[in-house]
Number of protein chains: 6
Amino acid sequence: MSVPALPAVMLEPLVRAALLEDLGRAGDITTHAVVPAQARAETALVARQPGVVAGLDLAALAFRLIEPAIEIAVERPDGTRLQPGDRIATIDGPARGVLTAERVALNFLGHLSGVASATATLVDAVKGHKARICCTRKTMPGLRAVQKYAVRVGGGANHRLGLDDAVLIKDNHVAAAGGIKAAILAARAHVGHLVKIEVEVDTLSQLEEALAVGIDAVLLDNMKPDELAKAVRMIDGRAIAEASGSGVDLISAGWLTHSAAVLDIGLDWRN
Amino acid sequence: MSVPALPAVMLEPLVRAALLEDLGRAGDITTHAVVPAQARAETALVARQPGVVAGLDLAALAFRLIEPAIEIAVERPDGTRLQPGDRIATIDGPARGVLTAERVALNFLGHLSGVASATATLVDAVKGHKARICCTRKTMPGLRAVQKYAVRVGGGANHRLGLDDAVLIKDNHVAAAGGIKAAILAARAHVGHLVKIEVEVDTLSQLEEALAVGIDAVLLDNMKPDELAKAVRMIDGRAIAEASGSGVDLISAGWLTHSAAVLDIGLDWRN
Amino acid sequence: MSVPALPAVMLEPLVRAALLEDLGRAGDITTHAVVPAQARAETALVARQPGVVAGLDLAALAFRLIEPAIEIAVERPDGTRLQPGDRIATIDGPARGVLTAERVALNFLGHLSGVASATATLVDAVKGHKARICCTRKTMPGLRAVQKYAVRVGGGANHRLGLDDAVLIKDNHVAAAGGIKAAILAARAHVGHLVKIEVEVDTLSQLEEALAVGIDAVLLDNMKPDELAKAVRMIDGRAIAEASGSGVDLISAGWLTHSAAVLDIGLDWRN
Amino acid sequence: MSVPALPAVMLEPLVRAALLEDLGRAGDITTHAVVPAQARAETALVARQPGVVAGLDLAALAFRLIEPAIEIAVERPDGTRLQPGDRIATIDGPARGVLTAERVALNFLGHLSGVASATATLVDAVKGHKARICCTRKTMPGLRAVQKYAVRVGGGANHRLGLDDAVLIKDNHVAAAGGIKAAILAARAHVGHLVKIEVEVDTLSQLEEALAVGIDAVLLDNMKPDELAKAVRMIDGRAIAEASGSGVDLISAGWLTHSAAVLDIGLDWRN
Amino acid sequence: MSVPALPAVMLEPLVRAALLEDLGRAGDITTHAVVPAQARAETALVARQPGVVAGLDLAALAFRLIEPAIEIAVERPDGTRLQPGDRIATIDGPARGVLTAERVALNFLGHLSGVASATATLVDAVKGHKARICCTRKTMPGLRAVQKYAVRVGGGANHRLGLDDAVLIKDNHVAAAGGIKAAILAARAHVGHLVKIEVEVDTLSQLEEALAVGIDAVLLDNMKPDELAKAVRMIDGRAIAEASGSGVDLISAGWLTHSAAVLDIGLDWRN
Amino acid sequence: MSVPALPAVMLEPLVRAALLEDLGRAGDITTHAVVPAQARAETALVARQPGVVAGLDLAALAFRLIEPAIEIAVERPDGTRLQPGDRIATIDGPARGVLTAERVALNFLGHLSGVASATATLVDAVKGHKARICCTRKTMPGLRAVQKYAVRVGGGANHRLGLDDAVLIKDNHVAAAGGIKAAILAARAHVGHLVKIEVEVDTLSQLEEALAVGIDAVLLDNMKPDELAKAVRMIDGRAIAEASGSGVDLISAGWLTHSAAVLDIGLDWRN
């Protein structure tokens, strides 16, 4: 099922900033000098490796903000599984505009498709298990909203969007609060009724303490397989179980957003 | 030799944006609820894997913009080769501030150290050859200036900063201009006296045409080793030779900025 | 108990914008023409009516961004119950700076104290009941983060911060989804594990449907007292109950942020 | 008579900021999960209480920036007197877009209509007298231009727009300058020929001093009715008389912008 | 008498933008490569031609935003008449910072001193006459506030700051309104009590019409000397008279801000 | 030959900022009060003096951002040589919009045409010689990209765009580095392969030193004509020669951007 697009009002500032970063103080001097104003380009975004496409709205904005006359026909929308050679969209219009916007469009598209593809690979790996794949706050500065979107496009779920939409009590918070129970109670007393609370636990006794006081989710950290299995049995549906192992409800992976390799997508000339 | 720092006026907007992205509309609700205002943190940035550190100024800004009372003592400045366990800097101050800024600081530091480390690995690989390693315009949107900086920290050189500071004539430009010679002459007629011109060539005859009309640099694209060797002999110092193979002056690698994995750096509590 | 401050990085853009809005293109022409450069002001922020103070950090930033030499000594920090005549803080320094920043400082302080005071009045009104008071998304454009903060200062809780941190299914969503159950299941399938789901119900049968499928919170809308009482009994702790009547867990009030009157606070000259 | 609209270039930054504030980092997750992409909405903005409508351009921008396909037909433009049930405009288009933009549109519309309605109430109250109603600089930070516009829509006049477009000499300025006359002369010497000067006076002797040296307007502060009457006779048309009582030319009211309650306007589904 | 400084909150965004414009995406590569980190600069801003200095706050901000360790000692503040060779300020600190900020600092200082000097020349030319010199809205985009400030520093007065702080009825407005009287009455009915109204008149009969209905100021356009003299006698103090000739109260000159040449100020090394 | 336009994404922020600067907090109060909403304007941009037009895209944006219904038909595009009376473009549409945007449009157009015209005058003056005319970094803060564009429109070339796209070693750099050779070698070691290096030399022996180590360009500073002639012979094509005298390849002139007078262009009503 397709993931709803982010509104343009969220994407446009990112694309404008990326274009300005590339255009600098004189614009595309190569294209201006070398390509005649009347030259036309008929091109296509084409996958060079398998993966999941994400970020077409950003790529389209890059082309259209440079040259409104460019026409974009999407053939494989965000979320489509790609095979090498698959045509994603055609991009036709004045050659100057297409060449000037190309790199920024590909930078967004390649990176976000890389995130979506990495996510999809993990999702495939746990197919048949109940676990969902989710991302973390380990994101590229300035790109969190679109990276989180790409994770959703790849079939993953989002962990916290930031520091303010959920409570995640980690080891240092527990230490500062004076224990798991104290930390959870303090959190519950402070936050609104629509904020969930998750706590990181390293041991089964910490888990027991958290479950006793009541908790929405637990992050089972650094547990060995058999300990993890025990933890899941202890939880028994009373909280959402997150870990990097199996048997849990949720597997979070920071590398989806901080270290995913680009998906190789090219802009080929059809003429 | 150390790479000069970018002025804070270039870094501050990036760090402010990243902090706001993470703080959202209510700030760090976990820390606020759970950590007492008077709690102090004595922490250290510590390498968990070998690499080259880059981005300490951005990390420091993240901590100081959240809490000016945080004290940062850098022990291994940008450019230092790290071994696992190496202490990079100590970060001491109010625990709330340290915890709130931690993720943004690490996101910058981990990513830019990842770029610097990837660059250094390539630089090491060509040690003894004359080739320099350089990056491309395949960068993360919004982060080009700091990624280019990280490449320099890692011992690499920068290719173009954007579309406006040098001419790079690629195959589609050549096609639109009606040939290598026409493209180079058009470029030379248009650009200022401090702008260099590079042309991408696929064949030795294209290379010959470029050298005949005069060119600052050539990008030898998709050539087999023996063809590449011939090309280098043909050039014979008349232009800078860039390729992804050996024997050339310059090896460019897009993945340094679009696909480098994070360098694992943690914030450890010393107390 | 005191509510933790928002970091300056969140407040500074608001205060800078408000100052620029007031300074226009020539600054404070009255003060510049009339007040000697060397004149000093010794002033105090003083309550003229009972209430709860909120927004001192913003007021202080207004003064300091205009004139760093201004010294501010807070005597009654955010959250303090004020009586008429109570001194909140002293503001001493160059008279020009104090006069120029005064209005912007008071605009923030008066409005946010107004929001906090309105909240506190409601909180007092339900003292002894379990219900918490909370705000809505009916906020002044651009001021949501600080209004939400002021609600917390007044003893209230925050409802959703925006469209993205929790699900609130209203009547039109239910209609579009084809029923309460369908809407809740769709939401649960889409959102991350740290996102709570609330649904608005108008009837007891809708409530039954929601409870049957499982729900984090219900907004009991337009129910008569006896119907509301029945609803609360039906819920029986299985979900958080929100309404504008009594017996529930949460009473939300849009007017706290969209219609709260200013709290009258003046800047009096002590000399 | 209708008040000319502010150009979109002034409104768009406010609306974009308000939308981003509400959309956060993931957009409208409820609508995305629950409402089918193809669902359409046929809705109407409807008054729920009497008042004067203001802010339709901002509301329309909110809808169109989220979804350009939304069609807006205004039936009662800014400045229209509303009765409960009056239809202000129809808003038709994709249901997702309408639901996502609804709250931001209503936040602008409700607040600015509240300001216009409060102004109109005061204007009605002095009908038959020569006094005009005007606002102050006690505005919501960031919203001054649109609040001042709403006051005009409600039939009121604008006092100063900021610190730089007119001189208003208050008691502390007088004290710092060493008297009414000194202050007025200093102001006159400094400001341009298109800047008016107003002075606040507390006593008839201060008024006499101001009139003797010549002044564009006087703010009669804290005077009893009979003293005010004497003051108006003394002025005798030589200056504009502002006060909060009667007989004067201008009655200023800070609460129009700092404490006006929202005007209740809803978005009703017609289908 | 000195002109009060604009607050830093108004200047800082201009200086930050100018620095970023110059630093681009890699900063000052010359200085970084060539100047040792420990090199110090002891320099002075020195006038190379006669004039009036303006803009020192902006220049100082440029140096300090690049390098907080730079020390600036102003010897001849804004408004000082300069002779060639006069030292304006000393700028001492790390050589890299001084060299990097130099051009931006001089760009502000040279231009604004040019505006102030041009103004002062005109002011001197009318010394002994009652006429004041003033500027127009013909300003450099983005620099209006500081250009208007420079005019004040040069001894001139400001005309309108923008479209919103005074009414200036020009020939096309008169034509659209159906005559001078209709235009003035329409303006008076619409604007607040602190807004002055000026009308441009081309003939004595237009002037008569304006004076009859009452007007704050008249701009006598394209009148011959004898006609101008008659106009001034007709006005007889009933309105402020603005023209580009003599005998009037106000002489406005667009070139002060749109065509003033830079004042040549250099940064000399003292060591 | 025509100079390619800068993309709108680079111009729009400048035009929006300039409009907001002029509109202030209440917009065009004169036009709103005096000009009926239905009035139409049929106007033309007309040259009042000879020159070269530049900046039409910015002017057009100013009109269209205020009023999208305004129609603009360009008759003499950027780069056209103008004679007094030449019609540049027609601007037709609602009179209010045309009048409101007029000043900002003319401020851009007059200034940039002034820069282009000054450049063209210099270009004409060296016709027949090989020297090209170029600008410097002495630009108006915030306007560098469009001033550099105007220089190109006038037939000139651009020197460095900023501090980061080329190396220019000046006397103070040489002093800090310990000599011409040391400075050039340091630069060459640090910068990327697409960055050119220019050095400023005052004497023939400095020139010799620079040529010996190899250099892309030399700026011959403060040389007498015969010394300059010797320098050019010494260079003999081995480097680009820049100076303010003759015989060289490049003549740079700071006043093109810091002191060019406006080109007088008016907006005439055709009806």
# chains A, B, ... in the order shown; residues from 1 in each chain; ligands from 1
call {"tool": "interface_residues", "arguments": {"of": "chain F", "to": "chain D", "cutoff": "7 Å", "atoms": "only C-alpha atoms", "output": "list in words"}}
result
Arg16, Leu20, Arg25, Ala26, Gly27, His32, Leu65 and Ile66 of chain F
call {"tool": "write_last_selection", "arguments": {"atoms": "N, CA, C and O atoms", "output": "short mmCIF file (atom, residue, chain, number, x, y, z; two decimals), in the first residue's frame"}}
result
data_model
loop_
_atom_site.label_atom_id
_atom_site.label_comp_id
_atom_site.auth_asym_id
_atom_site.auth_seq_id
_atom_site.Cartn_x
_atom_site.Cartn_y
_atom_site.Cartn_z
N ARG F 16 11.48 39.12 -3.05
CA ARG F 16 10.56 39.05 -1.90
C ARG F 16 11.06 39.93 -0.75
O ARG F 16 10.29 40.66 -0.13
N LEU F 20 9.07 43.20 0.79
CA LEU F 20 8.69 43.27 2.21
C LEU F 20 9.31 44.50 2.88
O LEU F 20 8.68 45.14 3.72
N ARG F 25 4.59 47.17 7.38
CA ARG F 25 3.58 46.46 8.16
C ARG F 25 2.15 46.81 7.75
O ARG F 25 1.19 46.37 8.38
N ALA F 26 1.98 47.62 6.72
CA ALA F 26 0.62 47.96 6.32
C ALA F 26 0.45 48.03 4.81
O ALA F 26 -0.65 48.31 4.33
N GLY F 27 1.51 47.78 4.07
CA GLY F 27 1.39 47.80 2.62
C GLY F 27 1.32 49.22 2.07
O GLY F 27 1.62 50.19 2.76
N HIS F 32 -3.83 52.16 -1.75
CA HIS F 32 -5.06 51.56 -1.23
C HIS F 32 -6.13 52.60 -0.96
O HIS F 32 -7.32 52.36 -1.17
N LEU F 65 4.86 39.18 -8.24
CA LEU F 65 4.67 38.73 -6.85
C LEU F 65 3.65 39.61 -6.14
O LEU F 65 2.98 39.17 -5.20
N ILE F 66 3.53 40.85 -6.57
CA ILE F 66 2.50 41.72 -5.98
C ILE F 66 1.14 41.43 -6.61
O ILE F 66 0.11 41.42 -5.92
#
call {"tool": "residues_around", "arguments": {"residues": "F:Gly97", "least_positions_apart": "6", "cutoff": "8 Å", "atoms": "only C-alpha atoms", "output": "ChimeraX atom specification"}}
result
/F:63,66-67,70
call {"tool": "write_last_selection", "arguments": {"atoms": "N, CA and C atoms", "output": "PDB file, in the first residue's frame"}}
result
ATOM      1  N   PHE F  63       6.685  42.835 -10.025  1.00  0.00           N
ATOM      2  CA  PHE F  63       5.291  43.074 -10.412  1.00  0.00           C
ATOM      3  C   PHE F  63       4.430  41.827 -10.179  1.00  0.00           C
ATOM      4  N   ILE F  66       3.525  40.853  -6.565  1.00  0.00           N
ATOM      5  CA  ILE F  66       2.496  41.722  -5.979  1.00  0.00           C
ATOM      6  C   ILE F  66       1.139  41.431  -6.608  1.00  0.00           C
ATOM      7  N   GLU F  67       1.125  41.165  -7.893  1.00  0.00           N
ATOM      8  CA  GLU F  67      -0.152  40.988  -8.596  1.00  0.00           C
ATOM      9  C   GLU F  67       0.059  40.044  -9.788  1.00  0.00           C
ATOM     10  N   ILE F  70      -0.770  40.955 -13.540  1.00  0.00           N
ATOM     11  CA  ILE F  70      -0.016  41.915 -14.358  1.00  0.00           C
ATOM     12  C   ILE F  70       0.647  41.182 -15.520  1.00  0.00           C
TER      13      ILE F  70
END
call {"tool": "select_by_dssp", "arguments": {"residues": "stretch 60-168 of chain B", "states": "helix (DSSP H, G or I)", "output": "MDAnalysis selection string"}}
result
chainID B and resid 60:66 95:125 144:153
call {"tool": "write_last_selection", "arguments": {"atoms": "C-alpha atoms", "output": "short mmCIF file (atom, residue, chain, number, x, y, z; two decimals), in the first residue's frame"}}
result
data_model
loop_
_atom_site.label_atom_id
_atom_site.label_comp_id
_atom_site.auth_asym_id
_atom_site.auth_seq_id
_atom_site.Cartn_x
_atom_site.Cartn_y
_atom_site.Cartn_z
CA ALA B 60 30.70 21.76 20.13
CA LEU B 61 28.21 24.29 18.76
CA ALA B 62 25.37 21.85 19.35
CA PHE B 63 26.28 21.52 23.02
CA ARG B 64 26.92 25.23 23.54
CA LEU B 65 23.79 26.44 21.78
CA ILE B 66 21.73 24.24 24.08
CA ALA B 95 23.37 16.86 32.57
CA ARG B 96 20.17 18.11 30.99
CA GLY B 97 22.02 20.14 28.38
CA VAL B 98 24.47 17.38 27.58
CA LEU B 99 21.68 14.83 27.11
CA THR B 100 19.53 17.15 25.01
CA ALA B 101 22.31 18.08 22.59
CA GLU B 102 23.95 14.65 22.44
CA ARG B 103 22.18 13.19 19.42
CA VAL B 104 22.56 16.26 17.17
CA ALA B 105 26.22 16.56 18.12
CA LEU B 106 26.81 12.89 17.36
CA ASN B 107 24.85 13.02 14.11
CA PHE B 108 27.19 15.71 12.77
CA LEU B 109 30.32 14.18 14.24
CA GLY B 110 29.60 10.61 13.20
CA HIS B 111 28.67 11.49 9.65
CA LEU B 112 31.50 13.91 8.96
CA SER B 113 34.03 11.59 10.60
CA GLY B 114 32.63 8.89 8.37
CA VAL B 115 33.30 11.02 5.31
CA ALA B 116 36.79 11.91 6.49
CA SER B 117 37.56 8.30 7.33
CA ALA B 118 36.37 7.03 3.97
CA THR B 119 38.52 9.64 2.29
CA ALA B 120 41.55 8.74 4.39
CA THR B 121 41.14 5.08 3.49
CA LEU B 122 41.28 5.95 -0.19
CA VAL B 123 44.17 8.34 0.34
CA ASP B 124 46.09 5.57 2.10
CA ALA B 125 45.33 3.18 -0.73
CA ARG B 144 27.79 20.27 0.93
CA ALA B 145 30.08 22.79 2.62
CA VAL B 146 30.69 20.58 5.64
CA GLN B 147 31.02 17.38 3.61
CA LYS B 148 33.59 19.08 1.35
CA TYR B 149 35.36 20.17 4.52
CA ALA B 150 35.34 16.59 5.83
CA VAL B 151 36.89 15.38 2.59
CA ARG B 152 39.71 17.88 3.08
CA VAL B 153 40.12 16.75 6.68
#
call {"tool": "residues_around", "arguments": {"residues": "stretch 221-224 of chain D", "least_positions_apart": "6", "cutoff": "8 Å", "atoms": "only C-alpha atoms", "output": "list in words"}}
result
Glu200, Val201, Asp202, Thr203, Ala243 and Ser244 of chain D
call {"tool": "residues_around", "arguments": {"residues": "stretch 188-193 of chain F", "least_positions_apart": "6", "cutoff": "7 Å", "atoms": "only C-alpha atoms", "output": "compact mmCIF listing (two decimals) with all heavy atoms, in the first residue's frame"}}
result
# COMPACT_ATOMS: atom_id res chain seq x y z
N ALA B 157 40.98 16.12 -1.79
CA ALA B 157 40.84 17.44 -2.38
C ALA B 157 39.39 17.61 -2.81
O ALA B 157 38.64 16.63 -2.93
CB ALA B 157 41.76 17.58 -3.58
N ASN B 158 39.02 18.85 -3.03
CA ASN B 158 37.65 19.11 -3.49
C ASN B 158 37.62 19.25 -5.00
O ASN B 158 38.45 19.94 -5.59
CB ASN B 158 37.11 20.41 -2.87
CG ASN B 158 36.84 20.31 -1.38
OD1 ASN B 158 36.81 21.31 -0.69
ND2 ASN B 158 36.67 19.09 -0.87
N HIS B 159 36.66 18.60 -5.59
CA HIS B 159 36.32 18.88 -6.98
C HIS B 159 35.49 20.17 -6.95
O HIS B 159 35.59 20.94 -5.99
CB HIS B 159 35.52 17.69 -7.53
CG HIS B 159 35.68 17.48 -9.00
ND1 HIS B 159 35.15 18.33 -9.93
CD2 HIS B 159 36.32 16.51 -9.69
CE1 HIS B 159 35.45 17.89 -11.14
NE2 HIS B 159 36.17 16.79 -11.04
N ALA E 33 45.27 28.80 3.11
CA ALA E 33 46.43 28.11 2.56
C ALA E 33 47.72 28.84 2.87
O ALA E 33 48.77 28.22 3.06
CB ALA E 33 46.27 27.96 1.05
call {"tool": "residues_around", "arguments": {"residues": "D:Ile251", "least_positions_apart": "4", "cutoff": "7 Å", "atoms": "only C-alpha atoms", "output": "VMD selection string"}}
result
chain D and resid 131 to 134 242 to 245
call {"tool": "atom_distance", "arguments": {"atom1": "atom CA of C:Gly24", "atom2": "atom CA of F:Glu21"}}
result
8.8 Å
call {"tool": "select_by_dssp", "arguments": {"residues": "stretch 53-194 of chain D", "states": "strand (DSSP E or B)", "output": "number ranges by chain"}}
result
D: 71-74, 81-82, 87-94, 132-134, 157, 167-169
call {"tool": "residues_around", "arguments": {"residues": "C:Ala183", "least_positions_apart": "5", "cutoff": "8 Å", "atoms": "only C-alpha atoms", "output": "number ranges by chain"}}
result
C: 169, 173-174, 177-178; D: 34
